[in-house]
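Only one structure is covered here, and it is reproduced in the block below.
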Amino acid sequence: MKSNPQYKKIVSLVVLCVSIVALTTSLTYAYFVSQVGTNEQEKITIKSGDLALTFRDNDETVENTQRTWNFGDTIEKELVIENTGTRDAYAKISWDNLINTYLAESLTYTLEEKSDDSGAEWKTVETVSANVPRSESASTQLLADHLYIPAGHTYTYRVRITFEDLPDIDQTADLNATFIAKFTLEESIEERLYDKIKRTAQTTIPNFANPATTDETADGLFSMEDDYGTSYYYRGTAPNNYVKFGRNADGQDMWWRIIRFNGDGTMRMQYDGVGTAESNTYTRGFALANQTWNSNYDDAKYVGWMFGGENGSASPSKEQAQRNETDSGIKTKVDEWYKKNIVNTGYSDYIADNIFCNDRSTPGKSVTGWTNDTELGYGNNATAFGATARTNAWNTDINKVQPQFKCPQENDKFTVEAKSGGNGKLTYPVGLITADEIVAAGSGKTSVTGSNYNYYLYKESVYWSFSPFYMYINPFAYMFSVQDGGSLNGRYLLADSDVATVINLKAEYIDKLQGNGTIDNPYFLTTT
């Protein structure tokens, strides 16, 4: 049963939080004790070739409070890692000689870091657990791994241990509990790419209305929820999102640019050109040139990657228009390209089945801002589709430029298999970039903002997106596209435009990528 609250208030916390100094005394009394030393003998130094890490406890005070600690009290301990070597390093900190006989959830901890060039700003670091591990006898337990310490820099880490008041648990056993620990440093293996992406992700939301003209992800990628979880996306010039993956039917290396890391851990990338095999140079280009979206264009159904009824027949309802029965002309061409250059060349096993959103939702004129919008979504009825509102295509409110990576309609989530979270209608797991991804990458709102030559999706030519724009009153249907000046705008379905295919690399291969993502040292996967 739960202990009396007044009784719990006198429960004392037994904690000895020490530095790297050897610990020879044990504790059975109920106080936080912080014992520190920073002389040269009490530092830990790892040296190997051009690696040199020095680790020390940064708290020079000796604190023995000699008083009772109440529930909710927290002790802080600062530790310092200094990289005096000539190469960047990864380190891990462990609880060493740990004895913790408190209840499993009684002691929680957090870890924060600040660097010598970030001033007083603390940043939360991911740890292996939220609770201090229990240990009846002295043991070593991992506290945090993959801590990145650049050459020539010093990082300070703050461990905060809190004695929790657990409302539904009898904590009487904590009266005689013991906590003893010191900390040790070891070199860690290089941080996994996906873990690094998550660790460095920015928490701010960009002003999507403005074009991104610099590398806005230099300090970490931006994040946004998608249909699988949290997605991390590149924005701006992005000089570190180059990938060299696969060889086409002509034996040339295919180059790609990473759009984002999806919520399921896969990596979405857009085709960017080809280069001579084994060379780190390439010519920017497209998978396909001068392609129309579909041979018919006078019905709202033709904005679909697939649509209902035969090509040339009118749609009598939104439900019929959006049945995924017939391939669009562009889907047929993209599938042919994929089969020729991915399947037939032996690279299909590396590709994930991930959602491509052909958003045909019809939110209506109060949302899209187009006064002619009927919201009907079929036949030749004037209709603006979902991305029109999110990209502020009708310029109703600059604050409404709010891209999203979640697909509003289940029917528009194109996948090969239904078990991948989509409609199971694709022949191959290949598609195109969405208008939302284009805005998130830095296009700014539609072409009224003018050209943008300074973000990574600018390719000096007009190319199709995966997102429907509107069924106009002509009646002509339009898709979103990236213009030859880099801006986002609409494109009439019968107009010739280029095609930059998009695929997703399976999560299991992300950590096997080599390189650093720059054009001189792109990410690449050894596939032979």
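Here's how to read the names in the structure tokens: chain A, B, ... by the order shown, residue numbers from 1 in each chain, ligand numbers from 1 in the order shown.
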
Any idea what's packed within 10 Å of Thr374 of chain A, counting only C-alpha atoms, ignoring anything in its chain fewer than 6 positions away? Could you give it as a list in words?
Thr362, Pro363, Gly364, Lys365, Asn381, Ala382, Thr383, Ala384 and Met471 of chain A

May I have the selected residues written with N, CA, C and O atoms, as a short mmCIF file (atom, residue, chain, number, x, y, z; two decimals), in the first residue's frame?
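The resulting file, result_3.cif, is reproduced below:
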data_model
loop_
_atom_site.label_atom_id
_atom_site.label_comp_id
_atom_site.auth_asym_id
_atom_site.auth_seq_id
_atom_site.Cartn_x
_atom_site.Cartn_y
_atom_site.Cartn_z
N THR A 362 -10.51 18.43 -50.98
CA THR A 362 -11.15 19.66 -51.47
C THR A 362 -11.69 20.45 -50.28
O THR A 362 -12.89 20.36 -49.97
N PRO A 363 -10.87 21.24 -49.62
CA PRO A 363 -11.28 21.92 -48.39
C PRO A 363 -12.28 23.06 -48.58
O PRO A 363 -12.89 23.52 -47.62
N GLY A 364 -12.43 23.58 -49.83
CA GLY A 364 -13.41 24.63 -50.07
C GLY A 364 -12.83 26.04 -50.06
O GLY A 364 -11.73 26.27 -49.57
N LYS A 365 -13.59 26.99 -50.60
CA LYS A 365 -13.07 28.34 -50.84
C LYS A 365 -12.76 29.10 -49.56
O LYS A 365 -11.92 30.01 -49.57
N ASN A 381 -15.91 20.99 -62.81
CA ASN A 381 -16.22 21.93 -61.74
C ASN A 381 -14.95 22.57 -61.20
O ASN A 381 -13.99 21.88 -60.84
N ALA A 382 -14.95 23.90 -61.11
CA ALA A 382 -13.79 24.62 -60.59
C ALA A 382 -13.52 24.18 -59.16
O ALA A 382 -14.39 24.28 -58.29
N THR A 383 -12.32 23.67 -58.93
CA THR A 383 -11.98 23.12 -57.61
C THR A 383 -10.52 23.38 -57.30
O THR A 383 -9.65 23.12 -58.13
N ALA A 384 -10.24 23.88 -56.12
CA ALA A 384 -8.87 24.01 -55.63
C ALA A 384 -8.62 22.87 -54.65
O ALA A 384 -9.45 22.59 -53.79
N MET A 471 -8.63 22.66 -60.60
CA MET A 471 -9.36 22.51 -61.86
C MET A 471 -9.88 23.89 -62.19
O MET A 471 -10.74 24.43 -61.48
#

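DSSP, applied to the backbone of this structure, assigns alpha helix (DSSP H) to the following residues of segment 305-402 of chain A: Lys318, Glu319, Gln320, Ala321, Gly329, Ile330, Lys331, Thr332, Lys333, Val334, Asp335, Glu336, Trp337, Tyr338, Lys365, Ser366, Val367, Thr368, Gly386, Ala387, Thr388, Ala389 and Arg390 of chain A.
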
Find the residues near Asp226 of chain A: any atom within 9 Å, counting only C-alpha atoms, skip ones fewer than 4 places away on the same chain, and give them as a PyMOL selection string.
chain A and resi 230-231+262-263+404-407

Those same residues, written as a short mmCIF file (atom, residue, chain, number, x, y, z; two decimals), in the first residue's frame with N, CA, C and O atoms?
data_model
loop_
_atom_site.label_atom_id
_atom_site.label_comp_id
_atom_site.auth_asym_id
_atom_site.auth_seq_id
_atom_site.Cartn_x
_atom_site.Cartn_y
_atom_site.Cartn_z
N THR A 230 8.02 11.40 -36.81
CA THR A 230 8.68 12.69 -37.00
C THR A 230 9.63 12.61 -38.18
O THR A 230 10.48 11.74 -38.26
N SER A 231 9.46 13.55 -39.10
CA SER A 231 10.28 13.62 -40.30
C SER A 231 11.27 14.78 -40.16
O SER A 231 10.94 15.82 -39.59
N ASN A 262 12.28 10.19 -43.29
CA ASN A 262 10.88 9.97 -42.96
C ASN A 262 10.70 9.47 -41.53
O ASN A 262 11.65 9.00 -40.90
N GLY A 263 9.47 9.53 -41.05
CA GLY A 263 9.17 9.13 -39.67
C GLY A 263 9.38 7.67 -39.39
O GLY A 263 9.46 7.27 -38.22
N GLN A 404 2.56 20.62 -44.84
CA GLN A 404 2.47 19.49 -43.94
C GLN A 404 2.88 18.22 -44.68
O GLN A 404 2.78 18.14 -45.91
N PHE A 405 3.39 17.25 -43.92
CA PHE A 405 3.81 15.98 -44.51
C PHE A 405 2.80 14.85 -44.25
O PHE A 405 3.03 13.72 -44.64
N LYS A 406 1.69 15.17 -43.60
CA LYS A 406 0.64 14.18 -43.40
C LYS A 406 -0.35 14.28 -44.55
O LYS A 406 -0.74 15.38 -44.95
N CYS A 407 -0.76 13.14 -45.07
CA CYS A 407 -1.66 13.11 -46.22
C CYS A 407 -3.11 13.10 -45.74
O CYS A 407 -3.51 12.20 -44.98
#

Could you state the separation of atom CA of Glu113 of chain A and atom CA of Ala138 of chain A in Å, given to one decimal place?
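Distance reported for this atom pair: 26.9 Å.
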
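Put simply, atom CA of Val482 of chain A is 8.6 Å away from atom CA of Ala435 of chain A.
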
Write out as a list in words the residues lying within 7 Å of Ser135 of chain A, counting only C-alpha atoms and excluding same-chain residues fewer than 6 positions away.
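Listing them by chain and then by number gives Leu98, Ile99, Asn100 and Thr101 of chain A.
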
Residue selection dump (N, CA and C atoms) as a compact mmCIF listing (two decimals), in the first residue's frame:
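Wrote part22.txt, looks like this:
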# COMPACT_ATOMS: atom_id res chain seq x y z
N LEU A 98 28.82 1.57 -9.98
CA LEU A 98 27.48 1.99 -9.59
C LEU A 98 26.83 1.00 -8.63
N ILE A 99 26.37 1.52 -7.50
CA ILE A 99 25.48 0.78 -6.60
C ILE A 99 24.25 1.65 -6.41
N ASN A 100 23.10 1.14 -6.82
CA ASN A 100 21.86 1.88 -6.67
C ASN A 100 20.76 0.90 -6.25
N THR A 101 20.39 0.96 -4.98
CA THR A 101 19.38 0.04 -4.47
C THR A 101 18.03 0.72 -4.26

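Inside segment 274-390 of chain A, the residues DSSP reads as strand (DSSP E or B) when given the backbone are A:Val274, A:Gly275, A:Thr283, A:Arg284, A:Leu288, A:Ala289, A:Asn290, A:Gln291, A:Met306, A:Phe307, A:Thr326, A:Asp327, A:Ile351, A:Phe356, A:Cys357, A:Thr383, A:Ala384.
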
Would you mind listing what lies within 12 Å of Thr526 of chain A as a VMD selection string, with only C-alpha atoms counted and same-chain residues fewer than 4 positions away left out?
chain A and resid 244 to 247 278 347 350 509 to 515

Residues as selected, N, CA, C and O atoms, written as a PDB file, in the first residue's frame, can you do that?
ATOM      1  N   LYS A 244      25.055   9.538 -53.822  1.00  0.00           N
ATOM      2  CA  LYS A 244      25.352   8.801 -55.052  1.00  0.00           C
ATOM      3  C   LYS A 244      24.861   7.375 -54.831  1.00  0.00           C
ATOM      4  O   LYS A 244      25.403   6.638 -54.016  1.00  0.00           O
ATOM      5  N   PHE A 245      23.804   7.015 -55.548  1.00  0.00           N
ATOM      6  CA  PHE A 245      23.198   5.693 -55.332  1.00  0.00           C
ATOM      7  C   PHE A 245      22.750   5.069 -56.651  1.00  0.00           C
ATOM      8  O   PHE A 245      21.985   5.671 -57.401  1.00  0.00           O
ATOM      9  N   GLY A 246      23.206   3.867 -56.923  1.00  0.00           N
ATOM     10  CA  GLY A 246      22.757   3.092 -58.070  1.00  0.00           C
ATOM     11  C   GLY A 246      23.405   3.518 -59.377  1.00  0.00           C
ATOM     12  O   GLY A 246      23.946   4.620 -59.502  1.00  0.00           O
ATOM     13  N   ARG A 247      23.335   2.627 -60.336  1.00  0.00           N
ATOM     14  CA  ARG A 247      23.790   2.921 -61.701  1.00  0.00           C
ATOM     15  C   ARG A 247      22.648   2.661 -62.663  1.00  0.00           C
ATOM     16  O   ARG A 247      21.957   1.645 -62.560  1.00  0.00           O
ATOM     17  N   GLU A 278      32.202   5.857 -60.687  1.00  0.00           N
ATOM     18  CA  GLU A 278      33.337   6.012 -59.768  1.00  0.00           C
ATOM     19  C   GLU A 278      33.879   7.436 -59.696  1.00  0.00           C
ATOM     20  O   GLU A 278      34.941   7.677 -59.141  1.00  0.00           O
ATOM     21  N   TYR A 347      18.794  -2.791 -58.112  1.00  0.00           N
ATOM     22  CA  TYR A 347      18.794  -1.937 -56.929  1.00  0.00           C
ATOM     23  C   TYR A 347      17.449  -1.881 -56.208  1.00  0.00           C
ATOM     24  O   TYR A 347      17.309  -1.167 -55.209  1.00  0.00           O
ATOM     25  N   TYR A 350      16.865  -2.242 -52.275  1.00  0.00           N
ATOM     26  CA  TYR A 350      17.267  -1.178 -51.360  1.00  0.00           C
ATOM     27  C   TYR A 350      16.169  -0.130 -51.155  1.00  0.00           C
ATOM     28  O   TYR A 350      16.305   0.757 -50.313  1.00  0.00           O
ATOM     29  N   TYR A 509      19.621   0.607 -44.386  1.00  0.00           N
ATOM     30  CA  TYR A 509      20.825   0.990 -45.121  1.00  0.00           C
ATOM     31  C   TYR A 509      21.334   2.388 -44.765  1.00  0.00           C
ATOM     32  O   TYR A 509      22.424   2.778 -45.196  1.00  0.00           O
ATOM     33  N   ILE A 510      20.544   3.145 -44.001  1.00  0.00           N
ATOM     34  CA  ILE A 510      20.945   4.520 -43.678  1.00  0.00           C
ATOM     35  C   ILE A 510      22.272   4.540 -42.923  1.00  0.00           C
ATOM     36  O   ILE A 510      23.161   5.342 -43.219  1.00  0.00           O
ATOM     37  N   ASP A 511      22.426   3.639 -41.954  1.00  0.00           N
ATOM     38  CA  ASP A 511      23.641   3.633 -41.148  1.00  0.00           C
ATOM     39  C   ASP A 511      24.825   3.028 -41.883  1.00  0.00           C
ATOM     40  O   ASP A 511      25.950   3.050 -41.380  1.00  0.00           O
ATOM     41  N   LYS A 512      24.590   2.493 -43.069  1.00  0.00           N
ATOM     42  CA  LYS A 512      25.682   1.936 -43.868  1.00  0.00           C
ATOM     43  C   LYS A 512      26.195   2.930 -44.904  1.00  0.00           C
ATOM     44  O   LYS A 512      27.140   2.626 -45.642  1.00  0.00           O
ATOM     45  N   LEU A 513      25.572   4.093 -44.953  1.00  0.00           N
ATOM     46  CA  LEU A 513      26.034   5.116 -45.888  1.00  0.00           C
ATOM     47  C   LEU A 513      27.412   5.623 -45.476  1.00  0.00           C
ATOM     48  O   LEU A 513      27.692   5.832 -44.296  1.00  0.00           O
ATOM     49  N   GLN A 514      28.265   5.819 -46.444  1.00  0.00           N
ATOM     50  CA  GLN A 514      29.578   6.401 -46.220  1.00  0.00           C
ATOM     51  C   GLN A 514      29.606   7.796 -46.828  1.00  0.00           C
ATOM     52  O   GLN A 514      28.717   8.177 -47.565  1.00  0.00           O
ATOM     53  N   GLY A 515      30.652   8.566 -46.533  1.00  0.00           N
ATOM     54  CA  GLY A 515      30.728   9.939 -47.003  1.00  0.00           C
ATOM     55  C   GLY A 515      30.103  10.898 -46.005  1.00  0.00           C
ATOM     56  O   GLY A 515      29.592  10.499 -44.952  1.00  0.00           O
TER      57      GLY A 515
END
